[in-house]
Amino acid sequence: MAKIIIFNNDTDRMETYYRGEAEPMPYNTNGTLKVREFRGSSKSNILWTTKRTMQSWNSQRYIYGGPIPVGFAFKRPYEGGHGNQSQHYAGTAFDVGQTLSNTQRNRLYNSAVNSGVWAFVEPKSLTPTWVHFDKRFRKTSLFNRRISITKKGKCK
């Protein structure tokens, strides 16, 4: 049983839910995101996210029109695997599509970019085998400048 803390953006209040691994996340439509999928590899018994993040997931799933395999969503900072300011630590990011074909992943990426529901969709050049999208609270420097990546993976 996981304790799930949701910030309800509409009421400015925190809400607490208790759900089993096979149950849908709070505010999830049609059971398209189970607690175990949102948790991913995190060992935490307490998870958190926002209502708007869950609503964005619902919209993305509807727009894409099929199952979206989730590799990573929630992470605690001490569990690592992401940068220091990762939106995964806030419970507002998804790394998805790792098991999809390139064609399916490209369709998912394009649907995420065109959906308008995410604050950020990471460029394909940085995520060649998955799609990252998140519901961050403010834009990052990636919004303000065009980046290009060298063959060694460095920004120029």
# chains A, B, ... in the order shown; residues from 1 in each chain; ligands from 1
$ residues_around --residues "Ser41 of chain A" --least-positions-apart "5" --cutoff "12 Å" --atoms "only C-alpha atoms" --output "number ranges by chain"
A: 35-36, 70-76, 79-81, 88
$ residues_around --residues "Trp118 of chain A" --least-positions-apart "4" --cutoff "8 Å" --atoms "only C-alpha atoms" --output "PDB file with C-alpha atoms, in the first residue's frame"
ATOM      1  CA  SER A  56      -1.938  15.988 -18.372  1.00  0.00           C
ATOM      2  CA  ALA A 112       3.384  15.093 -26.721  1.00  0.00           C
ATOM      3  CA  VAL A 113       4.902  18.128 -28.473  1.00  0.00           C
ATOM      4  CA  PHE A 133       7.702  15.027 -20.791  1.00  0.00           C
ATOM      5  CA  ASP A 134       6.929  16.943 -17.627  1.00  0.00           C
ATOM      6  CA  LYS A 135       4.635  19.468 -16.006  1.00  0.00           C
TER       7      LYS A 135
END
$ closest_residue --among "A:Ser115, A:Glu122, A:Phe137, A:Gly97" --to "Asn9 of chain A" --atoms "only C-alpha atoms"
A:Phe137
$ atom_distance --atom1 "atom CA of Ala93 of chain A" --atom2 "atom CA of Thr49 of chain A"
9.1 Å
$ closest_residue --among "A:Lys43, A:Tyr78, A:Tyr64, A:Ala90" --to "Asn106 of chain A" --atoms "only C-alpha atoms"
A:Tyr64
$ closest_residue --among "A:Thr50, A:Leu108, A:Leu126, A:Thr16" --to "Tyr62 of chain A" --atoms "only C-alpha atoms"
A:Leu108
$ residues_around --residues "Ile6 of chain A" --least-positions-apart "5" --cutoff "10 Å" --atoms "only C-alpha atoms" --output "MDAnalysis selection string"
chainID A and resid 13:17 25:27 47:54 91
$ residues_around --residues "Ile68 of chain A" --least-positions-apart "2" --cutoff "12 Å" --atoms "only C-alpha atoms" --output "PyMOL selection string"
chain A and resi 32-34+37-38+57-58+60-66+70-72+94-101+104-105+107-109+111-112+130-132
$ write_last_selection --atoms "N, CA and C atoms" --output "short mmCIF file (atom, residue, chain, number, x, y, z; two decimals), in the first residue's frame"
data_model
loop_
_atom_site.label_atom_id
_atom_site.label_comp_id
_atom_site.auth_asym_id
_atom_site.auth_seq_id
_atom_site.Cartn_x
_atom_site.Cartn_y
_atom_site.Cartn_z
N THR A 32 -5.37 4.01 -16.73
CA THR A 32 -4.24 3.97 -17.67
C THR A 32 -2.89 4.18 -17.01
N LEU A 33 -2.86 4.50 -15.71
CA LEU A 33 -1.60 4.67 -15.00
C LEU A 33 -1.74 4.08 -13.60
N LYS A 34 -1.16 2.92 -13.42
CA LYS A 34 -1.20 2.24 -12.13
C LYS A 34 -0.14 2.81 -11.19
N GLU A 37 3.31 1.64 -11.96
CA GLU A 37 3.93 2.29 -13.11
C GLU A 37 4.47 3.67 -12.74
N PHE A 38 3.69 4.41 -11.98
CA PHE A 38 4.14 5.73 -11.55
C PHE A 38 5.36 5.60 -10.64
N TRP A 57 -1.42 13.65 -17.94
CA TRP A 57 -1.25 12.25 -18.34
C TRP A 57 -2.53 11.75 -19.03
N ASN A 58 -3.68 12.01 -18.43
CA ASN A 58 -4.95 11.58 -19.01
C ASN A 58 -5.11 12.12 -20.44
N GLN A 60 -2.70 13.17 -22.48
CA GLN A 60 -1.69 12.58 -23.35
C GLN A 60 -2.08 11.17 -23.78
N ARG A 61 -2.57 10.40 -22.85
CA ARG A 61 -2.98 9.03 -23.15
C ARG A 61 -4.13 9.03 -24.15
N TYR A 62 -5.07 9.94 -24.00
CA TYR A 62 -6.20 10.06 -24.92
C TYR A 62 -5.71 10.48 -26.31
N ILE A 63 -4.85 11.48 -26.36
CA ILE A 63 -4.34 11.99 -27.63
C ILE A 63 -3.54 10.91 -28.37
N TYR A 64 -2.68 10.21 -27.63
CA TYR A 64 -1.86 9.16 -28.25
C TYR A 64 -2.74 8.01 -28.73
N GLY A 65 -3.76 7.68 -27.98
CA GLY A 65 -4.73 6.68 -28.41
C GLY A 65 -4.35 5.24 -28.17
N GLY A 66 -3.37 5.00 -27.34
CA GLY A 66 -2.98 3.63 -27.03
C GLY A 66 -2.18 3.59 -25.75
N VAL A 70 5.47 3.06 -19.27
CA VAL A 70 6.19 4.00 -18.42
C VAL A 70 7.45 3.34 -17.89
N GLY A 71 8.60 3.94 -18.18
CA GLY A 71 9.87 3.43 -17.65
C GLY A 71 10.15 4.04 -16.28
N PHE A 72 10.05 5.36 -16.21
CA PHE A 72 10.29 6.09 -14.97
C PHE A 72 9.29 7.22 -14.85
N PHE A 94 7.65 12.16 -16.67
CA PHE A 94 7.53 10.79 -17.16
C PHE A 94 8.61 10.53 -18.21
N ASP A 95 9.28 9.39 -18.09
CA ASP A 95 10.13 8.85 -19.16
C ASP A 95 9.39 7.62 -19.66
N VAL A 96 8.96 7.67 -20.91
CA VAL A 96 8.04 6.66 -21.42
C VAL A 96 8.49 6.14 -22.80
N GLY A 97 7.88 5.05 -23.22
CA GLY A 97 8.05 4.56 -24.58
C GLY A 97 9.29 3.75 -24.83
N GLN A 98 9.99 3.32 -23.79
CA GLN A 98 11.24 2.57 -23.97
C GLN A 98 11.04 1.27 -24.74
N THR A 99 9.87 0.67 -24.63
CA THR A 99 9.62 -0.61 -25.30
C THR A 99 8.89 -0.45 -26.63
N LEU A 100 8.64 0.78 -27.04
CA LEU A 100 7.96 1.02 -28.32
C LEU A 100 8.95 0.95 -29.47
N SER A 101 8.44 0.71 -30.67
CA SER A 101 9.28 0.78 -31.86
C SER A 101 9.65 2.24 -32.12
N GLN A 104 6.58 4.08 -33.37
CA GLN A 104 5.61 4.36 -32.31
C GLN A 104 6.13 5.46 -31.38
N ARG A 105 7.43 5.41 -31.06
CA ARG A 105 8.02 6.41 -30.17
C ARG A 105 8.00 7.79 -30.83
N ARG A 107 5.79 8.80 -32.98
CA ARG A 107 4.38 9.23 -32.94
C ARG A 107 4.04 9.74 -31.54
N LEU A 108 4.53 9.05 -30.50
CA LEU A 108 4.30 9.49 -29.12
C LEU A 108 4.96 10.84 -28.88
N TYR A 109 6.21 10.98 -29.31
CA TYR A 109 6.92 12.25 -29.15
C TYR A 109 6.15 13.39 -29.81
N SER A 111 3.04 13.55 -30.61
CA SER A 111 1.76 13.82 -29.94
C SER A 111 1.98 14.61 -28.66
N ALA A 112 3.08 14.35 -27.95
CA ALA A 112 3.38 15.09 -26.72
C ALA A 112 3.71 16.54 -27.04
N TRP A 130 13.65 6.90 -25.58
CA TRP A 130 12.47 7.13 -24.75
C TRP A 130 11.96 8.54 -25.03
N VAL A 131 10.81 8.88 -24.46
CA VAL A 131 10.25 10.22 -24.55
C VAL A 131 10.11 10.75 -23.13
N HIS A 132 10.62 11.96 -22.90
CA HIS A 132 10.48 12.60 -21.59
C HIS A 132 9.55 13.79 -21.74
#
$ residues_around --residues "Asn45 of chain A" --least-positions-apart "6" --cutoff "8 Å" --atoms "only C-alpha atoms" --output "CSV table (one decimal) with all heavy atoms, in the first residue's frame"
chain,number,residue,atom,x,y,z
A,1,MET,N,0.9,-1.2,0.0
A,1,MET,CA,0.0,0.0,0.0
A,1,MET,C,0.9,1.2,0.0
A,1,MET,O,1.8,1.4,0.8
A,1,MET,CB,-0.9,0.0,1.2
A,1,MET,CG,-1.9,1.0,1.3
A,1,MET,SD,-3.3,0.9,0.2
A,1,MET,CE,-4.0,-0.7,0.5
A,2,ALA,N,0.7,2.1,-0.9
A,2,ALA,CA,1.4,3.3,-1.1
A,2,ALA,C,0.6,4.5,-0.5
A,2,ALA,O,-0.6,4.6,-0.8
A,2,ALA,CB,1.8,3.6,-2.5
A,3,LYS,N,1.3,5.4,0.1
A,3,LYS,CA,0.7,6.7,0.5
A,3,LYS,C,1.0,7.7,-0.6
A,3,LYS,O,2.2,7.8,-1.0
A,3,LYS,CB,1.3,7.2,1.8
A,3,LYS,CG,0.8,8.5,2.3
A,3,LYS,CD,1.4,8.9,3.6
A,3,LYS,CE,0.9,10.3,4.1
A,3,LYS,NZ,1.5,10.6,5.4
$ atom_distance --atom1 "atom CA of Ser125 of chain A" --atom2 "atom CA of Thr103 of chain A"
15.3 Å
$ atom_distance --atom1 "atom CA of Ile5 of chain A" --atom2 "atom CA of Phe120 of chain A"
22.7 Å
$ closest_residue --among "A:Asn30, A:Gln87, A:Gln55, A:Thr129" --to "Pro67 of chain A" --atoms "only C-alpha atoms"
A:Asn30
$ select_by_dssp --residues "chain A" --states "strand (DSSP E)" --output "compact mmCIF listing (two decimals) with all heavy atoms, in the first residue's frame"
# COMPACT_ATOMS: atom_id res chain seq x y z
N ALA A 2 0.66 2.10 -0.94
CA ALA A 2 1.44 3.34 -1.05
C ALA A 2 0.62 4.52 -0.53
O ALA A 2 -0.58 4.59 -0.75
CB ALA A 2 1.83 3.59 -2.50
N LYS A 3 1.31 5.42 0.14
CA LYS A 3 0.70 6.70 0.51
C LYS A 3 1.02 7.66 -0.63
O LYS A 3 2.19 7.81 -1.02
CB LYS A 3 1.31 7.21 1.82
CG LYS A 3 0.76 8.54 2.27
CD LYS A 3 1.41 8.95 3.59
CE LYS A 3 0.85 10.26 4.09
NZ LYS A 3 1.45 10.62 5.40
N ILE A 4 -0.01 8.28 -1.20
CA ILE A 4 0.17 9.17 -2.34
C ILE A 4 -0.33 10.55 -1.95
O ILE A 4 -1.49 10.72 -1.57
CB ILE A 4 -0.60 8.64 -3.57
CG1 ILE A 4 -0.14 7.22 -3.90
CG2 ILE A 4 -0.38 9.57 -4.77
CD1 ILE A 4 -1.06 6.48 -4.83
N ILE A 5 0.57 11.51 -2.05
CA ILE A 5 0.23 12.89 -1.72
C ILE A 5 0.08 13.65 -3.03
O ILE A 5 0.98 13.65 -3.87
CB ILE A 5 1.32 13.52 -0.83
CG1 ILE A 5 1.47 12.70 0.46
CG2 ILE A 5 0.98 14.97 -0.53
CD1 ILE A 5 2.68 13.06 1.28
N ILE A 6 -1.08 14.27 -3.20
CA ILE A 6 -1.38 15.01 -4.42
C ILE A 6 -1.59 16.47 -4.06
O ILE A 6 -2.40 16.78 -3.18
CB ILE A 6 -2.67 14.48 -5.10
CG1 ILE A 6 -2.60 13.00 -5.39
CG2 ILE A 6 -3.00 15.31 -6.34
CD1 ILE A 6 -1.89 12.61 -6.64
N PHE A 7 -0.88 17.36 -4.75
CA PHE A 7 -1.18 18.78 -4.61
C PHE A 7 -2.31 19.08 -5.59
O PHE A 7 -2.15 18.93 -6.80
CB PHE A 7 0.03 19.67 -4.90
CG PHE A 7 -0.32 21.13 -4.88
CD1 PHE A 7 -0.66 21.75 -3.69
CD2 PHE A 7 -0.35 21.87 -6.05
CE1 PHE A 7 -1.01 23.10 -3.66
CE2 PHE A 7 -0.69 23.22 -6.04
CZ PHE A 7 -1.03 23.83 -4.84
N ASN A 8 -3.45 19.48 -5.05
CA ASN A 8 -4.60 19.83 -5.88
C ASN A 8 -4.47 21.30 -6.27
O ASN A 8 -4.68 22.19 -5.46
CB ASN A 8 -5.91 19.58 -5.14
CG ASN A 8 -7.12 19.80 -6.00
OD1 ASN A 8 -7.14 20.67 -6.88
ND2 ASN A 8 -8.17 19.03 -5.77
N ARG A 13 -4.59 22.80 -2.04
CA ARG A 13 -4.51 21.93 -0.86
C ARG A 13 -3.82 20.61 -1.20
O ARG A 13 -3.88 20.16 -2.34
CB ARG A 13 -5.88 21.64 -0.29
CG ARG A 13 -6.57 22.86 0.26
CD ARG A 13 -7.90 22.49 0.89
NE ARG A 13 -8.43 23.63 1.61
CZ ARG A 13 -8.28 23.82 2.91
NH1 ARG A 13 -7.65 22.95 3.63
NH2 ARG A 13 -8.79 24.90 3.48
N MET A 14 -3.22 20.03 -0.19
CA MET A 14 -2.63 18.70 -0.33
C MET A 14 -3.71 17.67 -0.02
O MET A 14 -4.53 17.87 0.88
CB MET A 14 -1.45 18.52 0.63
CG MET A 14 -0.35 19.56 0.45
SD MET A 14 0.38 19.57 -1.19
CE MET A 14 1.50 18.21 -1.05
N GLU A 15 -3.71 16.58 -0.77
CA GLU A 15 -4.65 15.48 -0.55
C GLU A 15 -3.85 14.20 -0.37
O GLU A 15 -2.81 14.03 -1.01
CB GLU A 15 -5.59 15.33 -1.75
CG GLU A 15 -6.40 16.58 -2.03
CD GLU A 15 -7.18 16.51 -3.34
OE1 GLU A 15 -6.97 15.56 -4.14
OE2 GLU A 15 -7.99 17.42 -3.58
N THR A 16 -4.33 13.32 0.48
CA THR A 16 -3.63 12.06 0.74
C THR A 16 -4.52 10.89 0.35
O THR A 16 -5.71 10.87 0.69
CB THR A 16 -3.25 11.94 2.23
OG1 THR A 16 -2.44 13.08 2.59
CG2 THR A 16 -2.48 10.68 2.51
N TYR A 17 -3.93 9.95 -0.36
CA TYR A 17 -4.63 8.73 -0.81
C TYR A 17 -3.77 7.53 -0.44
O TYR A 17 -2.55 7.64 -0.33
CB TYR A 17 -4.82 8.75 -2.34
CG TYR A 17 -5.65 9.90 -2.82
CD1 TYR A 17 -5.07 11.15 -3.06
CD2 TYR A 17 -7.01 9.75 -3.04
CE1 TYR A 17 -5.83 12.21 -3.52
CE2 TYR A 17 -7.78 10.82 -3.49
CZ TYR A 17 -7.18 12.04 -3.73
OH TYR A 17 -7.93 13.09 -4.16
N TYR A 18 -4.43 6.40 -0.28
CA TYR A 18 -3.72 5.14 -0.05
C TYR A 18 -4.18 4.17 -1.14
O TYR A 18 -5.38 3.94 -1.28
CB TYR A 18 -4.03 4.59 1.35
CG TYR A 18 -3.48 5.49 2.43
CD1 TYR A 18 -4.24 6.53 2.95
CD2 TYR A 18 -2.18 5.31 2.91
CE1 TYR A 18 -3.72 7.38 3.93
CE2 TYR A 18 -1.66 6.15 3.89
CZ TYR A 18 -2.44 7.19 4.39
OH TYR A 18 -1.93 8.02 5.35
N ARG A 19 -3.23 3.66 -1.90
CA ARG A 19 -3.57 2.78 -3.02
C ARG A 19 -2.59 1.61 -3.09
O ARG A 19 -1.41 1.75 -2.77
CB ARG A 19 -3.51 3.54 -4.35
CG ARG A 19 -4.41 4.75 -4.45
CD ARG A 19 -5.79 4.36 -4.95
NE ARG A 19 -6.77 5.41 -4.79
CZ ARG A 19 -7.16 6.26 -5.73
NH1 ARG A 19 -6.61 6.21 -6.92
NH2 ARG A 19 -8.08 7.15 -5.48
N ILE A 46 6.05 6.42 -0.01
CA ILE A 46 5.32 7.68 -0.11
C ILE A 46 5.65 8.29 -1.47
O ILE A 46 6.82 8.52 -1.79
CB ILE A 46 5.69 8.65 1.02
CG1 ILE A 46 5.40 8.01 2.38
CG2 ILE A 46 4.92 9.96 0.88
CD1 ILE A 46 5.91 8.81 3.56
N LEU A 47 4.62 8.54 -2.27
CA LEU A 47 4.78 9.13 -3.59
C LEU A 47 4.06 10.47 -3.60
O LEU A 47 3.14 10.68 -2.82
CB LEU A 47 4.16 8.21 -4.65
CG LEU A 47 4.53 6.74 -4.59
CD1 LEU A 47 3.72 5.94 -5.60
CD2 LEU A 47 6.02 6.56 -4.82
N TRP A 48 4.46 11.36 -4.50
CA TRP A 48 3.76 12.64 -4.62
C TRP A 48 3.74 13.11 -6.06
O TRP A 48 4.58 12.75 -6.87
CB TRP A 48 4.37 13.70 -3.71
CG TRP A 48 5.85 13.86 -3.86
CD1 TRP A 48 6.51 14.55 -4.84
CD2 TRP A 48 6.85 13.31 -3.01
NE1 TRP A 48 7.86 14.46 -4.63
CE2 TRP A 48 8.10 13.71 -3.52
CE3 TRP A 48 6.81 12.54 -1.86
CZ2 TRP A 48 9.31 13.35 -2.92
CZ3 TRP A 48 8.01 12.18 -1.27
CH2 TRP A 48 9.23 12.59 -1.79
N THR A 49 2.74 13.92 -6.35
CA THR A 49 2.58 14.53 -7.67
C THR A 49 1.55 15.64 -7.55
O THR A 49 1.20 16.03 -6.43
CB THR A 49 2.17 13.48 -8.73
OG1 THR A 49 2.22 14.09 -10.03
CG2 THR A 49 0.80 12.89 -8.47
N THR A 50 1.07 16.13 -8.68
CA THR A 50 0.05 17.16 -8.68
C THR A 50 -1.16 16.69 -9.49
O THR A 50 -1.04 15.83 -10.37
CB THR A 50 0.57 18.47 -9.31
OG1 THR A 50 0.81 18.27 -10.70
CG2 THR A 50 1.83 18.96 -8.62
N VAL A 70 5.47 3.06 -19.27
CA VAL A 70 6.19 4.00 -18.42
C VAL A 70 7.45 3.34 -17.89
O VAL A 70 7.39 2.30 -17.23
CB VAL A 70 5.31 4.46 -17.24
CG1 VAL A 70 6.07 5.44 -16.35
CG2 VAL A 70 4.01 5.07 -17.74
N GLY A 71 8.60 3.94 -18.18
CA GLY A 71 9.87 3.43 -17.65
C GLY A 71 10.15 4.04 -16.28
O GLY A 71 10.44 3.35 -15.32
N PHE A 72 10.05 5.36 -16.21
CA PHE A 72 10.29 6.09 -14.97
C PHE A 72 9.29 7.22 -14.85
O PHE A 72 8.97 7.87 -15.84
CB PHE A 72 11.70 6.70 -14.92
CG PHE A 72 12.80 5.70 -14.87
CD1 PHE A 72 13.48 5.35 -16.03
CD2 PHE A 72 13.16 5.10 -13.69
CE1 PHE A 72 14.50 4.43 -15.99
CE2 PHE A 72 14.17 4.17 -13.63
CZ PHE A 72 14.85 3.83 -14.80
N ALA A 93 7.16 14.28 -13.80
CA ALA A 93 7.81 13.92 -15.06
C ALA A 93 7.61 12.45 -15.39
O ALA A 93 7.45 11.62 -14.50
CB ALA A 93 9.31 14.23 -14.99
N PHE A 94 7.65 12.16 -16.67
CA PHE A 94 7.53 10.79 -17.16
C PHE A 94 8.61 10.53 -18.21
O PHE A 94 8.82 11.34 -19.10
CB PHE A 94 6.17 10.58 -17.84
CG PHE A 94 5.00 10.69 -16.92
CD1 PHE A 94 4.41 11.92 -16.68
CD2 PHE A 94 4.49 9.57 -16.28
CE1 PHE A 94 3.32 12.04 -15.84
CE2 PHE A 94 3.40 9.68 -15.42
CZ PHE A 94 2.82 10.92 -15.20
N ASP A 95 9.28 9.39 -18.09
CA ASP A 95 10.13 8.85 -19.16
C ASP A 95 9.39 7.62 -19.66
O ASP A 95 9.20 6.65 -18.92
CB ASP A 95 11.50 8.46 -18.63
CG ASP A 95 12.37 9.67 -18.30
OD1 ASP A 95 12.00 10.79 -18.69
OD2 ASP A 95 13.41 9.48 -17.66
N VAL A 96 8.96 7.67 -20.91
CA VAL A 96 8.04 6.66 -21.42
C VAL A 96 8.49 6.14 -22.80
O VAL A 96 9.34 6.74 -23.45
CB VAL A 96 6.61 7.23 -21.53
CG1 VAL A 96 6.07 7.64 -20.17
CG2 VAL A 96 6.56 8.41 -22.49
N PHE A 120 7.20 20.87 -20.80
CA PHE A 120 8.47 20.57 -21.44
C PHE A 120 8.44 19.16 -22.01
O PHE A 120 8.02 18.22 -21.34
CB PHE A 120 9.60 20.69 -20.42
CG PHE A 120 10.97 20.41 -20.97
CD1 PHE A 120 11.55 21.27 -21.87
CD2 PHE A 120 11.66 19.28 -20.57
CE1 PHE A 120 12.82 21.01 -22.38
CE2 PHE A 120 12.93 19.01 -21.06
CZ PHE A 120 13.51 19.89 -21.97
N VAL A 121 8.88 19.03 -23.25
CA VAL A 121 9.11 17.73 -23.87
C VAL A 121 10.57 17.75 -24.31
O VAL A 121 10.98 18.62 -25.09
CB VAL A 121 8.19 17.48 -25.09
CG1 VAL A 121 8.48 16.12 -25.72
CG2 VAL A 121 6.72 17.58 -24.69
N VAL A 131 10.81 8.88 -24.46
CA VAL A 131 10.25 10.22 -24.55
C VAL A 131 10.11 10.75 -23.13
O VAL A 131 9.58 10.06 -22.26
CB VAL A 131 8.86 10.20 -25.25
CG1 VAL A 131 8.24 11.60 -25.27
CG2 VAL A 131 8.96 9.63 -26.66
N HIS A 132 10.62 11.96 -22.90
CA HIS A 132 10.48 12.60 -21.59
C HIS A 132 9.55 13.79 -21.74
O HIS A 132 9.74 14.64 -22.61
CB HIS A 132 11.84 13.10 -21.08
CG HIS A 132 11.71 13.97 -19.87
ND1 HIS A 132 11.88 13.49 -18.59
CD2 HIS A 132 11.40 15.29 -19.73
CE1 HIS A 132 11.68 14.49 -17.72
NE2 HIS A 132 11.39 15.58 -18.40
N PHE A 133 8.53 13.82 -20.88
CA PHE A 133 7.70 15.03 -20.79
C PHE A 133 7.41 15.31 -19.34
O PHE A 133 7.42 14.41 -18.50
CB PHE A 133 6.42 14.94 -21.62
CG PHE A 133 5.67 13.65 -21.60
CD1 PHE A 133 4.93 13.25 -20.51
CD2 PHE A 133 5.67 12.84 -22.73
CE1 PHE A 133 4.21 12.07 -20.52
CE2 PHE A 133 4.95 11.64 -22.75
CZ PHE A 133 4.21 11.27 -21.65
N ASP A 134 7.20 16.60 -19.03
CA ASP A 134 6.93 16.94 -17.63
C ASP A 134 6.06 18.18 -17.53
O ASP A 134 5.86 18.91 -18.48
CB ASP A 134 8.22 17.09 -16.82
CG ASP A 134 9.10 18.24 -17.25
OD1 ASP A 134 8.63 19.39 -17.27
OD2 ASP A 134 10.30 18.00 -17.53
$ select_by_dssp --residues "segment 3-141 of chain A" --states "helix (DSSP H, G or I)" --output "MDAnalysis selection string"
chainID A and resid 35:39 51:64 77:79 102:115 141
$ write_last_selection --atoms "N, CA and C atoms" --output "compact mmCIF listing (two decimals), in the first residue's frame"
# COMPACT_ATOMS: atom_id res chain seq x y z
N VAL A 35 -0.35 2.62 -9.90
CA VAL A 35 0.60 3.07 -8.89
C VAL A 35 1.98 2.48 -9.18
N ARG A 36 2.07 1.19 -9.51
CA ARG A 36 3.37 0.55 -9.76
C ARG A 36 4.08 1.17 -10.96
N GLU A 37 3.31 1.64 -11.96
CA GLU A 37 3.93 2.29 -13.11
C GLU A 37 4.47 3.67 -12.74
N PHE A 38 3.69 4.41 -11.98
CA PHE A 38 4.14 5.73 -11.55
C PHE A 38 5.36 5.60 -10.64
N ARG A 39 5.36 4.63 -9.74
CA ARG A 39 6.47 4.40 -8.81
C ARG A 39 7.73 3.99 -9.56
N LYS A 51 -2.28 17.27 -9.18
CA LYS A 51 -3.49 16.96 -9.93
C LYS A 51 -3.31 17.32 -11.41
N ARG A 52 -2.68 18.45 -11.70
CA ARG A 52 -2.46 18.85 -13.09
C ARG A 52 -1.57 17.88 -13.84
N THR A 53 -0.60 17.29 -13.16
CA THR A 53 0.24 16.28 -13.81
C THR A 53 -0.60 15.08 -14.22
N MET A 54 -1.47 14.63 -13.32
CA MET A 54 -2.33 13.49 -13.63
C MET A 54 -3.31 13.83 -14.76
N GLN A 55 -3.83 15.05 -14.75
CA GLN A 55 -4.73 15.46 -15.82
C GLN A 55 -3.99 15.53 -17.16
N SER A 56 -2.74 15.96 -17.14
CA SER A 56 -1.94 15.99 -18.37
C SER A 56 -1.69 14.57 -18.88
N TRP A 57 -1.42 13.65 -17.94
CA TRP A 57 -1.25 12.25 -18.34
C TRP A 57 -2.53 11.75 -19.03
N ASN A 58 -3.68 12.01 -18.43
CA ASN A 58 -4.95 11.58 -19.01
C ASN A 58 -5.11 12.12 -20.44
N SER A 59 -4.81 13.38 -20.62
CA SER A 59 -4.92 14.00 -21.94
C SER A 59 -3.94 13.37 -22.92
N GLN A 60 -2.70 13.17 -22.48
CA GLN A 60 -1.69 12.58 -23.35
C GLN A 60 -2.08 11.17 -23.78
N ARG A 61 -2.57 10.40 -22.85
CA ARG A 61 -2.98 9.03 -23.15
C ARG A 61 -4.13 9.03 -24.15
N TYR A 62 -5.07 9.94 -24.00
CA TYR A 62 -6.20 10.06 -24.92
C TYR A 62 -5.71 10.48 -26.31
N ILE A 63 -4.85 11.48 -26.36
CA ILE A 63 -4.34 11.99 -27.63
C ILE A 63 -3.54 10.91 -28.37
N TYR A 64 -2.68 10.21 -27.63
CA TYR A 64 -1.86 9.16 -28.25
C TYR A 64 -2.74 8.01 -28.73
N PRO A 77 15.07 12.07 -4.59
CA PRO A 77 16.41 12.57 -4.96
C PRO A 77 17.54 11.60 -4.60
N TYR A 78 17.48 10.94 -3.46
CA TYR A 78 18.57 10.05 -3.05
C TYR A 78 18.60 8.75 -3.85
N GLU A 79 17.57 8.50 -4.67
CA GLU A 79 17.56 7.29 -5.48
C GLU A 79 18.32 7.46 -6.79
N ASN A 102 10.64 2.49 -32.95
CA ASN A 102 11.02 3.87 -33.29
C ASN A 102 9.84 4.63 -33.87
N THR A 103 9.07 3.97 -34.72
CA THR A 103 7.91 4.62 -35.34
C THR A 103 6.87 5.00 -34.28
N GLN A 104 6.58 4.08 -33.37
CA GLN A 104 5.61 4.36 -32.31
C GLN A 104 6.13 5.46 -31.38
N ARG A 105 7.43 5.41 -31.06
CA ARG A 105 8.02 6.41 -30.17
C ARG A 105 8.00 7.79 -30.83
N ASN A 106 8.26 7.86 -32.12
CA ASN A 106 8.19 9.13 -32.84
C ASN A 106 6.76 9.67 -32.82
N ARG A 107 5.79 8.80 -32.98
CA ARG A 107 4.38 9.23 -32.94
C ARG A 107 4.04 9.74 -31.54
N LEU A 108 4.53 9.05 -30.50
CA LEU A 108 4.30 9.49 -29.12
C LEU A 108 4.96 10.84 -28.88
N TYR A 109 6.21 10.98 -29.31
CA TYR A 109 6.92 12.25 -29.15
C TYR A 109 6.15 13.39 -29.81
N ASN A 110 5.77 13.19 -31.06
CA ASN A 110 5.05 14.23 -31.80
C ASN A 110 3.71 14.56 -31.14
N SER A 111 3.04 13.55 -30.61
CA SER A 111 1.76 13.82 -29.94
C SER A 111 1.98 14.61 -28.66
N ALA A 112 3.08 14.35 -27.95
CA ALA A 112 3.38 15.09 -26.72
C ALA A 112 3.71 16.54 -27.04
N VAL A 113 4.53 16.76 -28.08
CA VAL A 113 4.90 18.13 -28.47
C VAL A 113 3.67 18.90 -28.92
N ASN A 114 2.84 18.28 -29.73
CA ASN A 114 1.68 18.96 -30.31
C ASN A 114 0.49 19.07 -29.35
N SER A 115 0.51 18.32 -28.25
CA SER A 115 -0.63 18.30 -27.33
C SER A 115 -0.82 19.62 -26.60
N SER A 141 15.93 27.18 -19.11
CA SER A 141 16.74 27.84 -20.13
C SER A 141 16.61 27.14 -21.49
